[in-house]
$ cat protein37.cif   # mmCIF, C-alpha atoms
data_model
#
loop_
_atom_site.label_atom_id
_atom_site.label_comp_id
_atom_site.auth_asym_id
_atom_site.auth_seq_id
_atom_site.Cartn_x
_atom_site.Cartn_y
_atom_site.Cartn_z
CA MET A 210 76.99 118.62 146.07
CA LYS A 211 74.20 119.81 143.75
CA PRO A 212 74.84 119.98 140.02
CA ASN A 213 75.01 123.52 138.72
CA TRP A 214 73.01 124.81 135.76
CA ARG A 215 75.83 124.02 133.35
CA ASP A 216 75.81 120.36 134.41
CA LYS A 217 72.04 120.22 134.00
CA ALA A 218 72.31 121.71 130.53
CA LEU A 219 74.68 118.91 129.51
CA TYR A 220 72.32 116.10 130.53
CA PRO A 221 70.00 116.25 127.48
CA ILE A 222 72.99 116.66 125.16
CA LEU A 223 74.76 113.63 126.61
CA GLY A 224 71.54 111.65 126.63
CA GLY A 225 70.87 112.47 123.01
CA ALA A 226 74.43 111.56 122.03
CA THR A 227 74.11 108.21 123.82
CA VAL A 228 70.89 107.40 121.97
CA LEU A 229 72.50 108.32 118.64
CA LEU A 230 75.51 106.11 119.40
CA ILE A 231 73.28 103.14 120.25
CA LEU A 232 71.32 103.67 117.04
CA TYR A 233 74.54 103.99 115.03
CA LEU A 234 76.00 100.74 116.31
CA ASN A 235 72.78 98.70 116.18
CA PHE A 236 70.34 100.16 113.71
CA ASP A 237 70.36 98.21 110.48
CA GLU A 238 67.37 99.59 108.64
CA PRO A 239 68.29 101.25 105.34
CA SER A 240 66.15 104.26 106.27
CA PHE A 241 68.57 105.26 109.03
CA ALA A 242 70.90 107.86 107.53
CA PHE A 243 74.16 108.91 109.13
CA PRO A 244 74.46 112.61 108.25
CA VAL A 245 77.25 112.82 105.69
CA LEU A 246 77.96 116.37 106.84
CA TRP A 247 79.24 114.89 110.11
CA LEU A 248 81.89 112.94 108.24
CA PRO A 249 85.30 114.42 107.34
CA LYS A 250 85.73 115.86 103.89
CA MET A 251 88.20 113.79 101.89
CA GLY A 252 89.65 114.03 98.40
CA PHE A 253 89.77 111.16 95.94
CA VAL A 254 93.05 109.35 95.31
CA GLY A 255 94.46 109.33 91.79
CA THR A 256 97.86 108.75 90.23
CA ASN A 257 100.43 111.04 88.71
CA SER A 258 102.97 108.84 86.94
CA THR A 259 104.53 106.64 89.64
CA ARG A 260 102.95 108.40 92.63
CA PHE A 261 99.60 108.41 94.36
CA VAL A 262 98.06 111.84 94.72
CA VAL A 263 95.08 113.13 96.65
CA ILE A 264 92.89 115.23 94.41
CA GLU A 265 91.22 117.83 96.56
CA ASP A 266 88.67 119.00 94.03
CA GLY A 267 87.45 116.81 91.23
CA GLY A 268 87.42 113.18 90.18
CA GLY A 269 90.05 110.57 90.97
CA GLY A 270 90.85 107.51 88.94
CA GLY A 271 93.98 107.14 86.89
CA GLY A 272 93.81 110.48 85.15
CA GLY A 273 94.49 112.75 88.08
CA ALA A 274 92.24 115.54 86.83
CA GLY A 275 91.38 118.05 89.54
CA ARG A 276 92.31 121.34 91.03
CA ALA A 277 94.97 120.45 93.60
CA GLN A 278 97.15 117.34 93.86
CA SER A 279 99.14 116.22 96.89
CA ALA A 280 101.61 113.32 96.75
CA VAL A 281 100.86 110.41 99.09
CA TYR A 282 102.95 107.43 100.19
CA VAL A 283 100.94 104.81 102.06
CA ASN A 284 101.38 103.04 105.37
CA GLY A 285 98.44 100.73 105.96
CA TRP A 286 97.14 97.36 106.96
CA ASN A 287 94.86 94.44 106.10
CA SER A 288 91.82 93.35 108.14
CA TYR A 289 89.85 91.09 105.83
CA TRP A 290 87.14 90.44 108.43
CA LEU A 291 85.52 93.87 108.77
CA MET A 292 82.36 93.31 106.70
CA GLU A 293 81.51 90.02 108.39
CA GLU A 294 82.06 91.44 111.85
CA SER A 295 79.88 94.45 111.01
CA VAL A 296 76.88 92.25 110.22
CA TRP A 297 76.10 91.56 113.85
CA GLY A 298 75.73 95.11 115.21
CA GLY A 299 76.41 96.07 118.85
CA PRO A 300 79.73 94.80 120.25
CA SER A 301 80.78 93.33 116.89
CA ARG A 302 80.47 96.68 115.16
CA GLY A 303 82.30 98.17 118.11
CA ARG A 304 85.27 95.94 117.25
CA VAL A 305 85.24 97.23 113.67
CA SER A 306 85.16 100.80 114.99
CA GLU A 307 88.05 99.99 117.31
CA MET A 308 90.12 98.55 114.44
CA MET A 309 89.63 101.68 112.37
CA ARG A 310 90.36 103.93 115.34
CA ARG A 311 93.46 101.94 116.29
CA GLY A 312 94.73 101.83 112.72
CA ALA A 313 94.30 105.58 112.41
CA GLY A 314 95.91 105.96 115.81
CA MET A 315 99.04 104.30 114.43
CA GLY A 316 99.07 106.87 111.63
CA MET A 317 97.94 104.39 108.98
CA THR A 318 95.76 105.71 106.18
CA VAL A 319 94.70 102.71 104.07
CA CYS A 320 93.01 99.43 105.01
CA ARG A 321 92.49 96.55 102.59
CA THR A 322 89.46 94.34 103.28
CA TRP A 323 87.07 91.89 101.63
CA ALA A 324 83.97 93.15 99.84
CA PHE A 325 82.96 89.59 98.95
CA SER A 326 81.39 86.56 100.55
CA ASP A 327 79.75 84.20 98.09
CA GLY A 328 77.63 81.11 98.65
CA ASP A 329 75.31 79.77 101.33
CA GLY A 330 77.27 80.74 104.44
CA PRO A 331 75.39 82.49 107.26
CA ASN A 332 76.96 85.85 106.38
CA ALA A 333 77.27 85.50 102.61
CA LEU A 334 76.80 88.78 100.80
CA GLN A 335 75.93 87.09 97.47
CA ARG A 336 73.82 83.98 98.07
CA LEU A 337 73.14 83.27 94.40
CA PRO A 338 74.25 85.13 91.29
CA GLY A 339 72.76 88.60 91.64
CA VAL A 340 70.95 87.72 94.89
CA PHE A 341 72.25 89.72 97.84
CA ASP A 342 71.71 89.75 101.59
CA GLU A 343 70.88 93.37 102.44
CA ARG A 344 71.87 92.74 106.06
CA VAL A 345 75.44 91.95 104.96
CA PHE A 346 75.52 94.84 102.50
CA ARG A 347 74.67 97.15 105.40
CA GLY A 348 77.66 95.70 107.23
CA LEU A 349 79.87 96.84 104.34
CA ASP A 350 78.16 100.25 104.47
CA TYR A 351 79.18 100.48 108.11
CA VAL A 352 82.81 99.61 107.34
CA ILE A 353 83.01 102.44 104.81
CA VAL A 354 81.40 104.96 107.19
CA GLU A 355 83.83 104.02 109.97
CA ALA A 356 86.76 104.28 107.60
CA ARG A 357 85.76 107.77 106.57
CA ARG A 358 85.03 108.82 110.14
CA ASN A 359 88.64 107.94 110.98
CA ARG A 360 90.09 109.40 107.74
CA VAL A 361 91.08 105.94 106.53
CA ARG A 362 90.58 104.82 102.94
CA VAL A 363 89.72 101.23 102.04
CA ILE A 364 90.83 98.97 99.22
CA LEU A 365 87.86 96.70 98.50
CA SER A 366 88.67 93.27 97.04
CA LEU A 367 85.84 91.86 94.90
CA VAL A 368 86.34 88.08 94.77
CA ASN A 369 88.67 85.43 96.15
CA ASN A 370 90.93 83.17 94.13
CA LEU A 371 90.82 80.72 97.04
CA ASN A 372 87.78 78.76 98.21
CA ALA A 373 87.40 80.73 101.43
CA PHE A 374 84.28 82.92 101.28
CA GLY A 375 83.19 81.17 98.07
CA GLY A 376 85.80 82.31 95.60
CA LYS A 377 86.17 81.22 91.98
CA ALA A 378 84.90 77.74 92.79
CA GLN A 379 81.53 79.06 93.95
CA TYR A 380 80.96 80.91 90.65
CA ILE A 381 81.79 77.75 88.72
CA ARG A 382 79.35 75.70 90.82
CA TRP A 383 76.61 78.27 90.25
CA ALA A 384 77.06 78.03 86.49
CA GLN A 385 77.05 74.22 86.57
CA GLU A 386 73.92 74.20 88.74
CA ALA A 387 72.26 76.52 86.19
CA GLY A 388 72.85 73.87 83.51
CA GLU A 389 75.73 75.60 81.76
CA ASN A 390 78.32 73.43 80.04
CA VAL A 391 81.17 74.48 82.29
CA SER A 392 84.40 72.60 82.86
CA SER A 393 85.33 72.01 86.48
CA SER A 394 88.73 73.59 85.74
CA ALA A 395 89.35 76.67 87.87
CA ASP A 396 90.25 78.53 84.67
CA SER A 397 86.57 78.44 83.69
CA PHE A 398 86.12 81.43 85.96
CA PHE A 399 88.26 83.52 83.62
CA SER A 400 86.87 82.21 80.33
CA HIS A 401 83.23 81.12 80.52
CA PRO A 402 80.82 83.87 79.33
CA THR A 403 78.12 83.10 81.92
CA ILE A 404 80.58 83.21 84.81
CA LYS A 405 82.04 86.47 83.57
CA GLU A 406 78.52 87.92 83.48
CA TYR A 407 77.94 86.73 87.05
CA TYR A 408 81.08 88.56 88.12
CA LYS A 409 80.13 91.74 86.25
CA ALA A 410 76.68 91.74 87.82
CA TYR A 411 78.24 91.42 91.25
CA VAL A 412 80.73 94.19 90.57
CA LYS A 413 77.96 96.48 89.33
CA ALA A 414 75.90 95.86 92.46
CA VAL A 415 78.84 96.80 94.67
CA VAL A 416 80.23 99.75 92.71
CA THR A 417 76.81 101.37 92.24
CA ARG A 418 75.60 100.63 95.79
CA LYS A 419 74.07 103.55 97.69
CA ASN A 420 75.28 103.47 101.29
CA SER A 421 72.27 102.93 103.54
CA MET A 422 73.82 105.05 106.28
CA THR A 423 74.92 108.09 104.27
CA GLY A 424 73.04 107.98 100.99
CA VAL A 425 76.37 108.25 99.11
CA HIS A 426 76.92 105.90 96.18
CA TYR A 427 80.11 103.88 96.46
CA PHE A 428 81.34 105.35 93.17
CA ASP A 429 81.14 108.79 94.82
CA GLU A 430 82.72 107.77 98.14
CA PRO A 431 86.21 109.26 98.70
CA ALA A 432 86.89 106.84 101.58
CA ILE A 433 87.27 104.10 98.94
CA PHE A 434 90.90 104.06 97.82
CA ALA A 435 90.61 101.47 95.07
CA TRP A 436 88.82 98.42 93.69
CA GLU A 437 90.80 95.17 93.61
CA LEU A 438 89.68 92.71 90.94
CA MET A 439 90.58 89.56 92.88
CA ASN A 440 92.55 88.46 95.90
CA GLU A 441 95.65 86.66 94.58
CA PRO A 442 94.44 85.51 91.14
CA ARG A 443 96.13 82.42 89.79
CA GLY A 444 95.56 80.16 86.83
CA VAL A 445 95.86 76.40 86.64
CA SER A 446 99.22 76.56 84.85
CA GLY A 447 101.47 78.78 82.80
CA SER A 448 99.22 78.19 79.80
CA SER A 449 96.45 80.04 81.66
CA ALA A 450 98.25 83.34 81.07
CA PRO A 451 96.27 84.50 77.98
CA LEU A 452 92.95 83.78 79.72
CA LEU A 453 93.94 85.72 82.81
CA GLN A 454 95.35 88.63 80.80
CA SER A 455 92.13 88.89 78.80
CA TRP A 456 89.97 88.66 81.94
CA ILE A 457 91.90 91.45 83.69
CA THR A 458 91.62 93.65 80.61
CA GLU A 459 87.87 93.09 80.28
CA MET A 460 87.00 93.50 83.97
CA ALA A 461 89.14 96.58 84.55
CA ALA A 462 87.50 98.25 81.54
CA TYR A 463 84.06 97.28 82.86
CA ILE A 464 84.67 98.85 86.26
CA LYS A 465 85.97 102.01 84.60
CA SER A 466 82.69 102.17 82.65
CA LEU A 467 80.86 102.28 85.98
CA ASP A 468 83.26 104.40 88.02
CA GLN A 469 85.86 106.84 86.75
CA ARG A 470 86.67 108.29 90.17
CA HIS A 471 88.43 105.34 91.80
CA LEU A 472 91.64 103.47 91.12
CA ILE A 473 91.77 99.83 90.04
CA THR A 474 94.40 97.24 90.91
CA ILE A 475 94.50 93.51 90.16
CA GLY A 476 95.45 91.84 93.43
CA VAL A 477 98.29 89.74 91.97
CA GLU A 478 101.13 88.57 94.20
CA GLY A 479 103.87 89.92 91.94
CA PHE A 480 105.22 86.70 90.43
CA TYR A 481 106.99 86.98 87.08
CA GLY A 482 105.60 84.61 84.44
CA LEU A 483 106.93 82.58 81.58
CA GLN A 484 106.59 85.62 79.31
CA THR A 485 109.29 87.48 81.25
CA GLN A 486 111.80 84.73 81.80
CA GLU A 487 114.64 87.19 82.39
CA LYS A 488 112.90 88.05 85.68
CA ASN A 489 112.27 84.50 86.86
CA ALA A 490 115.34 84.50 89.09
CA VAL A 491 113.56 87.06 91.29
CA ASN A 492 110.68 84.64 91.96
CA PRO A 493 110.74 82.57 95.16
CA GLY A 494 110.95 79.37 93.10
CA GLU A 495 110.31 77.86 89.68
CA TRP A 496 106.71 77.12 90.72
CA ALA A 497 105.90 80.86 90.79
CA SER A 498 106.28 81.28 87.00
CA SER A 499 103.73 78.56 86.21
CA LEU A 500 100.65 80.13 87.82
CA GLY A 501 99.38 82.00 84.78
CA THR A 502 100.14 85.42 86.21
CA ASP A 503 102.86 87.77 85.03
CA PHE A 504 103.51 90.88 87.09
CA LEU A 505 104.73 93.02 84.21
CA ASN A 506 102.23 92.03 81.53
CA ASN A 507 99.26 92.05 83.90
CA SER A 508 100.13 95.36 85.55
CA ALA A 509 100.80 97.08 82.20
CA ILE A 510 97.12 96.83 81.21
CA HIS A 511 95.81 100.33 80.51
CA ASN A 512 92.99 100.46 83.08
CA ILE A 513 95.14 99.06 85.89
CA ASP A 514 96.14 102.19 87.78
CA PHE A 515 98.70 100.71 90.16
CA ALA A 516 100.52 97.43 90.61
CA SER A 517 99.98 95.12 93.58
CA VAL A 518 102.65 92.92 95.15
CA HIS A 519 102.59 90.52 98.11
CA ALA A 520 105.54 89.38 100.21
CA TYR A 521 105.61 86.19 102.30
CA PRO A 522 109.18 84.94 102.64
CA ASP A 523 108.24 82.47 105.40
CA SER A 524 105.61 80.78 103.23
CA TRP A 525 107.33 81.02 99.87
CA ILE A 526 110.81 79.84 100.90
CA PRO A 527 110.10 78.07 104.22
CA GLU A 528 113.32 76.06 104.34
CA ALA A 529 115.59 79.06 103.78
CA SER A 530 117.69 80.55 106.55
CA LEU A 531 116.91 83.98 107.95
CA ASP A 532 119.80 85.50 105.97
CA GLU A 533 118.53 83.89 102.76
CA LYS A 534 115.01 85.18 103.39
CA VAL A 535 116.31 88.68 104.03
CA LYS A 536 118.34 88.60 100.80
CA TYR A 537 115.36 87.29 98.85
CA LEU A 538 112.97 89.91 100.26
CA SER A 539 115.39 92.73 99.53
CA GLN A 540 115.73 91.65 95.88
CA TRP A 541 111.96 91.10 95.57
CA VAL A 542 111.08 94.61 96.76
CA ASP A 543 113.86 96.31 94.77
CA SER A 544 112.88 94.54 91.55
CA HIS A 545 109.22 95.58 91.73
CA ILE A 546 109.95 99.18 92.63
CA HIS A 547 112.39 99.33 89.70
CA ASP A 548 109.73 97.88 87.41
CA GLY A 549 107.26 100.53 88.53
CA ASP A 550 109.75 103.30 87.82
CA GLU A 551 111.35 102.09 84.61
CA ILE A 552 108.83 99.85 82.85
CA LEU A 553 105.28 100.29 84.12
CA LYS A 554 105.48 103.98 85.03
CA LYS A 555 102.90 103.28 87.74
CA PRO A 556 102.87 103.19 91.55
CA VAL A 557 103.65 99.84 93.17
CA LEU A 558 101.81 99.06 96.40
CA PHE A 559 102.88 96.09 98.54
CA THR A 560 99.33 95.17 99.51
CA GLU A 561 100.24 92.20 101.74
CA VAL A 562 103.43 91.93 103.77
CA GLY A 563 103.28 88.99 106.17
CA SER A 564 105.50 86.91 108.39
CA SER A 565 104.69 83.78 110.40
CA LEU A 566 104.05 84.24 114.07
CA HIS A 567 103.84 81.45 116.60
CA LYS A 568 104.52 83.58 119.66
CA ASN A 569 108.18 82.70 120.08
CA GLN A 570 110.77 85.42 120.41
CA GLN A 571 112.77 84.40 117.34
CA GLU A 572 109.80 84.75 115.02
CA LEU A 573 108.79 88.06 116.61
CA HIS A 574 112.28 89.33 115.88
CA GLN A 575 112.20 87.90 112.35
CA ARG A 576 108.91 89.65 111.55
CA ASP A 577 110.37 92.96 112.65
CA ILE A 578 113.44 92.43 110.45
CA PHE A 579 111.28 91.77 107.38
CA LEU A 580 108.88 94.62 108.10
CA LYS A 581 111.65 97.11 108.77
CA MET A 582 113.36 96.18 105.50
CA VAL A 583 110.18 96.80 103.49
CA TYR A 584 109.45 100.02 105.39
CA ASP A 585 112.98 101.32 104.83
CA LYS A 586 112.75 100.67 101.10
CA ILE A 587 109.38 102.43 100.88
CA TYR A 588 110.81 105.37 102.81
CA GLU A 589 113.80 105.62 100.46
CA SER A 590 111.43 105.41 97.50
CA ALA A 591 109.32 108.23 98.97
CA LYS A 592 112.40 110.42 99.50
CA LYS A 593 113.25 110.02 95.82
CA ARG A 594 109.58 110.26 94.71
CA GLN A 595 109.86 106.79 93.19
CA ALA A 596 107.29 104.08 92.49
CA GLY A 597 107.49 102.18 95.79
CA ALA A 598 104.25 103.75 96.98
CA GLY A 599 103.58 102.00 100.28
CA ALA A 600 103.03 98.78 102.19
CA LEU A 601 100.10 97.14 103.98
CA ILE A 602 100.89 94.69 106.77
CA TRP A 603 98.96 91.39 106.90
CA GLN A 604 96.92 91.34 109.08
CA LEU A 605 95.70 93.19 112.16
CA LEU A 606 93.13 92.10 114.72
CA VAL A 607 91.62 93.60 117.85
CA ASP A 608 90.74 91.69 121.02
CA ASP A 609 87.96 89.10 120.61
CA THR A 610 88.52 88.68 116.87
CA GLN A 611 90.91 85.73 117.09
CA GLY A 612 88.42 83.66 115.11
CA TYR A 613 89.68 85.49 112.02
CA ALA A 614 93.34 84.77 112.76
CA ASP A 615 95.81 82.95 110.56
CA GLN A 616 99.49 82.33 111.17
CA PHE A 617 100.32 85.93 110.21
CA SER A 618 97.67 87.75 112.28
CA PHE A 619 98.24 89.73 115.46
CA VAL A 620 96.99 92.52 117.70
CA ALA A 621 99.61 95.18 117.00
CA TRP A 622 99.58 96.96 120.37
CA ASN A 623 100.26 93.64 122.11
CA HIS A 624 103.60 93.41 120.24
CA LEU A 625 105.41 96.56 121.23
CA SER A 626 108.41 96.35 118.88
CA THR A 627 106.22 95.87 115.79
CA TYR A 628 103.77 98.50 117.03
CA LYS A 629 106.60 101.03 117.28
CA LEU A 630 107.86 100.14 113.79
CA ILE A 631 104.41 100.80 112.31
CA ILE A 632 104.09 104.18 114.03
CA GLU A 633 107.62 105.20 113.10
CA GLN A 634 106.92 104.47 109.42
CA SER A 635 103.66 106.43 109.51
CA CYS A 636 105.30 109.43 111.12
CA ARG A 637 108.37 109.64 108.93
CA LEU A 638 106.28 109.39 105.77
CA ARG A 639 104.04 112.12 107.11
CA ARG A 640 106.97 114.38 107.95
CA MET A 641 107.99 114.19 104.33
CA PHE A 642 104.58 115.35 103.13
CA VAL A 643 103.40 117.44 106.06
CA LYS A 644 101.54 119.85 103.79
CA GLU A 645 99.73 117.12 101.90
CA GLU A 646 96.01 116.53 102.28
CA MET A 647 96.21 113.04 103.69
CA ASN A 648 98.92 114.00 106.16
CA ARG A 649 97.95 117.42 107.45
CA LYS A 650 94.45 116.74 108.80
CA TYR A 651 95.31 115.23 112.14
CA ARG A 652 93.12 112.96 114.17
CA HIS A 653 92.54 113.35 117.88
CA ASN A 654 94.57 110.17 118.47
CA ASP A 655 97.34 110.97 116.00
CA PRO A 656 100.68 109.32 116.94
CA CYS A 657 102.83 112.18 115.65
CA PRO A 658 100.87 115.38 116.43
CA SER A 659 103.96 117.55 116.68
CA ILE A 660 104.48 117.40 112.89
CA GLY A 661 103.78 120.74 111.35
CA SER A 662 102.85 122.36 114.66
#
$ encode --input "protein37.cif" --output "structure tokens"
Amino acid sequence: MKPNWRDKALYPILGGATVLLILYLNFDEPSFAFPVLWLPKMGFVGTNSTRFVVIEDGGGGGGGAGRAQSAVYVNGWNSYWLMEESVWGGPSRGRVSEMMRRGAGMGMTVCRTWAFSDGDGPNALQRLPGVFDERVFRGLDYVIVEARRNRVRVILSLVNNLNAFGGKAQYIRWAQEAGENVSSSADSFFSHPTIKEYYKAYVKAVVTRKNSMTGVHYFDEPAIFAWELMNEPRGVSGSSAPLLQSWITEMAAYIKSLDQRHLITIGVEGFYGLQTQEKNAVNPGEWASSLGTDFLNNSAIHNIDFASVHAYPDSWIPEASLDEKVKYLSQWVDSHIHDGDEILKKPVLFTEVGSSLHKNQQELHQRDIFLKMVYDKIYESAKKRQAGAGALIWQLLVDDTQGYADQFSFVAWNHLSTYKLIIEQSCRLRRMFVKEEMNRKYRHNDPCPSIGS
């Protein structure tokens, strides 16, 4: 059967589209520009008291100035590995695209990921203070483009407290190698002037980066939800608290001087410190108050737009029974939402919610119990327009990314009960705000397309 004229007319179109796709996935020269007009229009996210809002016309940040504001409650996920996987091009970038597409397909709207990799590793973004690998930076550019293409916003974390991907320890080593009189104490990261300047220089390079694929500066990119100062900052002891408080204050103000359109959060786990002893009973143990962080004091800093909290009952109270873990998690979530409403007057986002998974049925069931509890409390908070602003599950993979796995990682669609929980949370939050900007612009693979139809 001969192709008709319509079929023939499609051939050059399909051929051209194929070439563009190959270029998009593989081309890593900064001169290749992905037309920004092809990407969805998105508003910036701001805050209005204890709620996130999408600002459809105007700047974001903490002020919420703009023409139209739409309340948003978040269902999202973590995939820390996206920048590193994007470095390689081809199939690796395809896996990043699949993660964004799959996340969006579950109705999730925010992904938290690393925007750091420091040291001499093969895919380090910052090899020396202020010395960057453009190849890796272009990987981060790709992550942001794919997020926007799928109407997902990213929270970009700027340094690690832990040694993985360099972290605080790498900054301290750099200063020592430069001949600075720097103590080997991890607290030097928060106090030494040279190290603080290293961090500021890195932050400036990221925040002011012009995306090589779109030509859009990061500070003008609406697909960025927020900047996170550090993943899980901790001090050496309770006496580290003043150093950490001062560092948060200084660095949040510095980012605001570079970028007034995006939100800032700290990245703390939510532990109450020695300064708020009346709250210590909510902590998972006495050890949690001696880490130099204090959820209330840290989160109250003026330029911190929303509070971050993590939740790991399996890791934090490993010997507890399931009932004890459930009781603890319930109190933990309730306490932080209450603090957001009554004390901080800011949104509270549970930026990591994780449960151990070793592929046995009991732990699968346990993860669903924990996740459903958090989701239910966020849903109740949303119904009352309270400060419990959302939750991000830790962490999601796609096939062939098991090298990034930890004991909490999984491929969601391979675990049907959890997969259904995620979609149900996305859809019921969307039903509540069907007219809102983030929830009314449906994707082709939307899990709840009947909403608003």
$ resolve_selection --input "protein37.cif" --expression "the PyMOL selection byres ((chain A and resi 488-499) around 7)" --output "JSON, numbers by chain"
{"A": [446, 447, 480, 481, 482, 483, 485, 486, 487, 500, 501, 525, 526, 540, 541]}
$ write_last_selection --input "protein37.cif" --atoms "C-alpha atoms" --output "PDB file, in the coordinates of the input"
ATOM      1  CA  SER A 446      99.220  76.560  84.850  1.00  0.00           C
ATOM      2  CA  GLY A 447     101.470  78.780  82.800  1.00  0.00           C
ATOM      3  CA  PHE A 480     105.220  86.700  90.430  1.00  0.00           C
ATOM      4  CA  TYR A 481     106.990  86.980  87.080  1.00  0.00           C
ATOM      5  CA  GLY A 482     105.600  84.610  84.440  1.00  0.00           C
ATOM      6  CA  LEU A 483     106.930  82.580  81.580  1.00  0.00           C
ATOM      7  CA  THR A 485     109.290  87.480  81.250  1.00  0.00           C
ATOM      8  CA  GLN A 486     111.800  84.730  81.800  1.00  0.00           C
ATOM      9  CA  GLU A 487     114.640  87.190  82.390  1.00  0.00           C
ATOM     10  CA  LEU A 500     100.650  80.130  87.820  1.00  0.00           C
ATOM     11  CA  GLY A 501      99.380  82.000  84.780  1.00  0.00           C
ATOM     12  CA  TRP A 525     107.330  81.020  99.870  1.00  0.00           C
ATOM     13  CA  ILE A 526     110.810  79.840 100.900  1.00  0.00           C
ATOM     14  CA  GLN A 540     115.730  91.650  95.880  1.00  0.00           C
ATOM     15  CA  TRP A 541     111.960  91.100  95.570  1.00  0.00           C
TER      16      TRP A 541
END
$ closest_residue --input "protein37.cif" --among "A:Val562, A:Ile404, A:Leu248, A:Ala280" --to "A:Ala356" --atoms "all atoms listed in the file"
A:Leu248
$ atom_distance --input "protein37.cif" --atom1 "atom CA of A:Val254" --atom2 "atom CA of A:Gly549"
18.0 Å
$ resolve_selection --input "protein37.cif" --expression "the PyMOL selection byres ((chain A and resi 509) around 12)" --output "PyMOL selection string"
chain A and resi 454+457-458+461+474-475+503-508+510-517+548-549+551-557
$ write_last_selection --input "protein37.cif" --atoms "C-alpha atoms" --output "tab-separated table (two decimals), in the frame of the given file"
chain	number	residue	atom	x	y	z
A	454	GLN	CA	95.35	88.63	80.80
A	457	ILE	CA	91.90	91.45	83.69
A	458	THR	CA	91.62	93.65	80.61
A	461	ALA	CA	89.14	96.58	84.55
A	474	THR	CA	94.40	97.24	90.91
A	475	ILE	CA	94.50	93.51	90.16
A	503	ASP	CA	102.86	87.77	85.03
A	504	PHE	CA	103.51	90.88	87.09
A	505	LEU	CA	104.73	93.02	84.21
A	506	ASN	CA	102.23	92.03	81.53
A	507	ASN	CA	99.26	92.05	83.90
A	508	SER	CA	100.13	95.36	85.55
A	510	ILE	CA	97.12	96.83	81.21
A	511	HIS	CA	95.81	100.33	80.51
A	512	ASN	CA	92.99	100.46	83.08
A	513	ILE	CA	95.14	99.06	85.89
A	514	ASP	CA	96.14	102.19	87.78
A	515	PHE	CA	98.70	100.71	90.16
A	516	ALA	CA	100.52	97.43	90.61
A	517	SER	CA	99.98	95.12	93.58
A	548	ASP	CA	109.73	97.88	87.41
A	549	GLY	CA	107.26	100.53	88.53
A	551	GLU	CA	111.35	102.09	84.61
A	552	ILE	CA	108.83	99.85	82.85
A	553	LEU	CA	105.28	100.29	84.12
A	554	LYS	CA	105.48	103.98	85.03
A	555	LYS	CA	102.90	103.28	87.74
A	556	PRO	CA	102.87	103.19	91.55
A	557	VAL	CA	103.65	99.84	93.17
$ atom_distance --input "protein37.cif" --atom1 "atom CA of A:Ala384" --atom2 "atom CA of A:Arg347"
27.0 Å
$ resolve_selection --input "protein37.cif" --expression "the PyMOL selection byres ((chain A and resi 415) around 10)" --output "PyMOL selection string"
chain A and resi 324-325+346+349+365+367+409-414+416-419+426-428
$ residues_around --input "protein37.cif" --residues "stretch 336-339 of chain A" --least-positions-apart "4" --cutoff "6 Å" --atoms "all atoms listed in the file" --output "list of chain:residue names"
A:Asp327, A:Gly328, A:Asp329, A:Tyr407
$ atom_distance --input "protein37.cif" --atom1 "atom CA of A:Leu601" --atom2 "atom CA of A:Ile264"
21.7 Å
$ closest_residue --input "protein37.cif" --among "A:Cys657, A:Val283, A:Ala333, A:Leu246" --to "A:Ala591" --atoms "all atoms listed in the file"
A:Val283
$ decode --input "protein37.cif" --residues "stretch 453-459 of chain A" --atoms "N, CA, C and O atoms" --output "PDB file, in the first residue's frame"
ATOM      1  N   LEU A 453      25.745  28.491  64.042  1.00  0.00           N
ATOM      2  CA  LEU A 453      24.826  28.079  62.985  1.00  0.00           C
ATOM      3  C   LEU A 453      23.745  29.131  62.753  1.00  0.00           C
ATOM      4  O   LEU A 453      23.398  29.445  61.605  1.00  0.00           O
ATOM      5  N   GLN A 454      23.231  29.704  63.830  1.00  0.00           N
ATOM      6  CA  GLN A 454      22.212  30.749  63.707  1.00  0.00           C
ATOM      7  C   GLN A 454      22.759  31.946  62.925  1.00  0.00           C
ATOM      8  O   GLN A 454      22.091  32.494  62.038  1.00  0.00           O
ATOM      9  N   SER A 455      23.978  32.341  63.236  1.00  0.00           N
ATOM     10  CA  SER A 455      24.602  33.472  62.555  1.00  0.00           C
ATOM     11  C   SER A 455      24.848  33.155  61.088  1.00  0.00           C
ATOM     12  O   SER A 455      24.636  34.003  60.208  1.00  0.00           O
ATOM     13  N   TRP A 456      25.305  31.930  60.809  1.00  0.00           N
ATOM     14  CA  TRP A 456      25.578  31.522  59.424  1.00  0.00           C
ATOM     15  C   TRP A 456      24.303  31.531  58.587  1.00  0.00           C
ATOM     16  O   TRP A 456      24.296  32.037  57.458  1.00  0.00           O
ATOM     17  N   ILE A 457      23.220  30.987  59.122  1.00  0.00           N
ATOM     18  CA  ILE A 457      21.940  30.980  58.405  1.00  0.00           C
ATOM     19  C   ILE A 457      21.497  32.408  58.096  1.00  0.00           C
ATOM     20  O   ILE A 457      21.082  32.727  56.976  1.00  0.00           O
ATOM     21  N   THR A 458      21.590  33.266  59.099  1.00  0.00           N
ATOM     22  CA  THR A 458      21.187  34.666  58.928  1.00  0.00           C
ATOM     23  C   THR A 458      21.984  35.335  57.816  1.00  0.00           C
ATOM     24  O   THR A 458      21.420  36.002  56.933  1.00  0.00           O
ATOM     25  N   GLU A 459      23.301  35.147  57.841  1.00  0.00           N
ATOM     26  CA  GLU A 459      24.179  35.791  56.858  1.00  0.00           C
ATOM     27  C   GLU A 459      23.940  35.256  55.449  1.00  0.00           C
ATOM     28  O   GLU A 459      23.845  36.028  54.485  1.00  0.00           O
TER      29      GLU A 459
END
